[in-house]
Amino acid sequence: MAAPDRDGDLRRTFPALPPRRAVDEGFAGTWWGNAWVRALEEGALDVARLERGRGYAEGGHVDAITVTPGLVLAYVQGSRARPYRVQVRLRTLGDADWDRFLDAAVERPGHIAALLDKELPHSLADLADRGVPLLPGPGDLTPQCSCPDSGHPCKHAAALCYQTARLLDADPFVLLLLRGRGERALLDALSRRNAARAARAAQDRGPAPLPGLRAGEVL
């Protein structure tokens, strides 16, 4: 499953993250990573399972993570010798949603620069007025695990969600991939749309006036 040599623009595999020292503050380090954690915790039905899952994540029980459009997949080591196969699903965006996202991204030059710096601007992620749910909300994350626990989520799925937040911290393009578009395809689309926007702006301004003298002055 976690085979880096099979990776492409629509599939990324991340090696197992090292154990993390437990801290009092939020699990994630960025605002968008914490938004992911908040969607997990507010949609959970059992706080005790969340705490166990967080402990699994902090202890390094989550193996390599594979991310594809709409899916996060990994093996998580539980109390048994054989690890459990865990997946978390998230709805992908449609073409119309992506068009609105790209339009918003090229409206401000700083948006593209921020993405290239692995930052996710609030104004770009919060497009509720345009109907683009980039960040998940409570109940948007759909977990599934091979363990017999019927909790929502079980501790293994919670562990995978917590570790996914660390991936989002490092690279917000992971979130965009989950929503359906790979990094290269997105950057190419942004480049084309930005060039077209610049061309339209230049056309609207019209040609620059040519230097010269008034006919009356010449006469």
# chains A, B, ... in the order shown; residues from 1 in each chain; ligands from 1

call {"tool": "select_by_dssp", "arguments": {"residues": "segment 97-201 of chain A", "states": "strand (DSSP E)", "output": "VMD selection string"}}
result
chain A and resid 126 to 127 132 to 133 142 to 145

call {"tool": "write_last_selection", "arguments": {"atoms": "N, CA and C atoms", "output": "compact mmCIF listing (two decimals), in the first residue's frame"}}
result
# COMPACT_ATOMS: atom_id res chain seq x y z
N ASP A 126 -11.36 30.00 3.73
CA ASP A 126 -12.70 30.30 4.18
C ASP A 126 -13.51 30.89 3.02
N LEU A 127 -14.01 30.01 2.18
CA LEU A 127 -14.78 30.44 1.01
C LEU A 127 -16.23 29.97 1.13
N VAL A 132 -17.46 26.73 -1.24
CA VAL A 132 -16.31 25.84 -1.38
C VAL A 132 -15.85 25.40 0.01
N PRO A 133 -16.26 24.22 0.47
CA PRO A 133 -15.88 23.74 1.81
C PRO A 133 -14.49 23.11 1.78
N THR A 142 -15.03 10.58 7.43
CA THR A 142 -15.68 9.27 7.54
C THR A 142 -14.63 8.19 7.75
N PRO A 143 -14.49 7.66 8.99
CA PRO A 143 -13.46 6.66 9.27
C PRO A 143 -13.94 5.23 9.04
N GLN A 144 -13.00 4.38 8.76
CA GLN A 144 -13.28 2.94 8.62
C GLN A 144 -12.04 2.18 9.05
N CYS A 145 -12.21 1.15 9.88
CA CYS A 145 -11.07 0.40 10.41
C CYS A 145 -11.39 -1.08 10.40

call {"tool": "residues_around", "arguments": {"residues": "segment 66-71 of chain A", "least_positions_apart": "2", "cutoff": "12 Å", "atoms": "only C-alpha atoms", "output": "number ranges by chain"}}
result
A: 1-4, 6-16, 62-64, 73-75, 85-94, 136, 140-144, 160-161, 163-164, 167-168, 173-183

call {"tool": "residues_around", "arguments": {"residues": "Arg108 of chain A", "least_positions_apart": "4", "cutoff": "10 Å", "atoms": "only C-alpha atoms", "output": "MDAnalysis selection string"}}
result
chainID A and resid 103:104 112:113 123:124 194

call {"tool": "write_last_selection", "arguments": {"atoms": "N, CA, C and O atoms", "output": "mmCIF file, in the first residue's frame"}}
result
data_model
loop_
_atom_site.group_PDB
_atom_site.id
_atom_site.type_symbol
_atom_site.label_atom_id
_atom_site.label_comp_id
_atom_site.auth_asym_id
_atom_site.auth_seq_id
_atom_site.Cartn_x
_atom_site.Cartn_y
_atom_site.Cartn_z
ATOM 1 N N ASP A 103 -10.344 30.998 -8.883
ATOM 2 C CA ASP A 103 -10.654 32.422 -9.056
ATOM 3 C C ASP A 103 -10.268 33.210 -7.805
ATOM 4 O O ASP A 103 -9.698 34.303 -7.895
ATOM 5 N N ALA A 104 -10.583 32.645 -6.629
ATOM 6 C CA ALA A 104 -10.242 33.330 -5.379
ATOM 7 C C ALA A 104 -8.727 33.393 -5.190
ATOM 8 O O ALA A 104 -8.197 34.380 -4.666
ATOM 9 N N ILE A 112 -1.022 32.972 -4.011
ATOM 10 C CA ILE A 112 -0.154 31.995 -4.685
ATOM 11 C C ILE A 112 1.190 31.924 -3.977
ATOM 12 O O ILE A 112 1.744 30.836 -3.766
ATOM 13 N N ALA A 113 1.718 33.079 -3.591
ATOM 14 C CA ALA A 113 2.999 33.099 -2.876
ATOM 15 C C ALA A 113 2.895 32.346 -1.559
ATOM 16 O O ALA A 113 3.820 31.608 -1.173
ATOM 17 N N SER A 123 -8.197 33.702 4.189
ATOM 18 C CA SER A 123 -9.136 34.186 3.180
ATOM 19 C C SER A 123 -9.306 33.205 2.029
ATOM 20 O O SER A 123 -10.330 33.210 1.342
ATOM 21 N N LEU A 124 -8.313 32.339 1.810
ATOM 22 C CA LEU A 124 -8.416 31.363 0.733
ATOM 23 C C LEU A 124 -9.126 30.098 1.190
ATOM 24 O O LEU A 124 -9.834 29.452 0.413
ATOM 25 N N ASN A 194 -3.670 32.992 -13.782
ATOM 26 C CA ASN A 194 -3.031 34.257 -13.431
ATOM 27 C C ASN A 194 -2.556 34.990 -14.686
ATOM 28 O O ASN A 194 -2.689 36.217 -14.797
#

call {"tool": "atom_distance", "arguments": {"atom1": "atom CA of Leu134 of chain A", "atom2": "atom CA of Arg52 of chain A"}}
result
27.8 Å

call {"tool": "atom_distance", "arguments": {"atom1": "atom CA of Arg193 of chain A", "atom2": "atom CA of Glu107 of chain A"}}
result
10.1 Å

call {"tool": "select_by_dssp", "arguments": {"residues": "segment 25-107 of chain A", "states": "alpha helix (DSSP H)", "output": "ChimeraX atom specification"}}
result
/A:31-43,47-58,95-107

call {"tool": "closest_residue", "arguments": {"among": "A:Arg197, A:Ala125, A:Ala35, A:Ala44", "to": "Pro153 of chain A", "atoms": "only C-alpha atoms"}}
result
A:Ala44

call {"tool": "closest_residue", "arguments": {"among": "A:Asp171, A:Glu51, A:Asp97, A:Glu41", "to": "Gly131 of chain A", "atoms": "only C-alpha atoms"}}
result
A:Asp97

call {"tool": "atom_distance", "arguments": {"atom1": "atom CA of Leu17 of chain A", "atom2": "atom CA of Ala48 of chain A"}}
result
23.0 Å
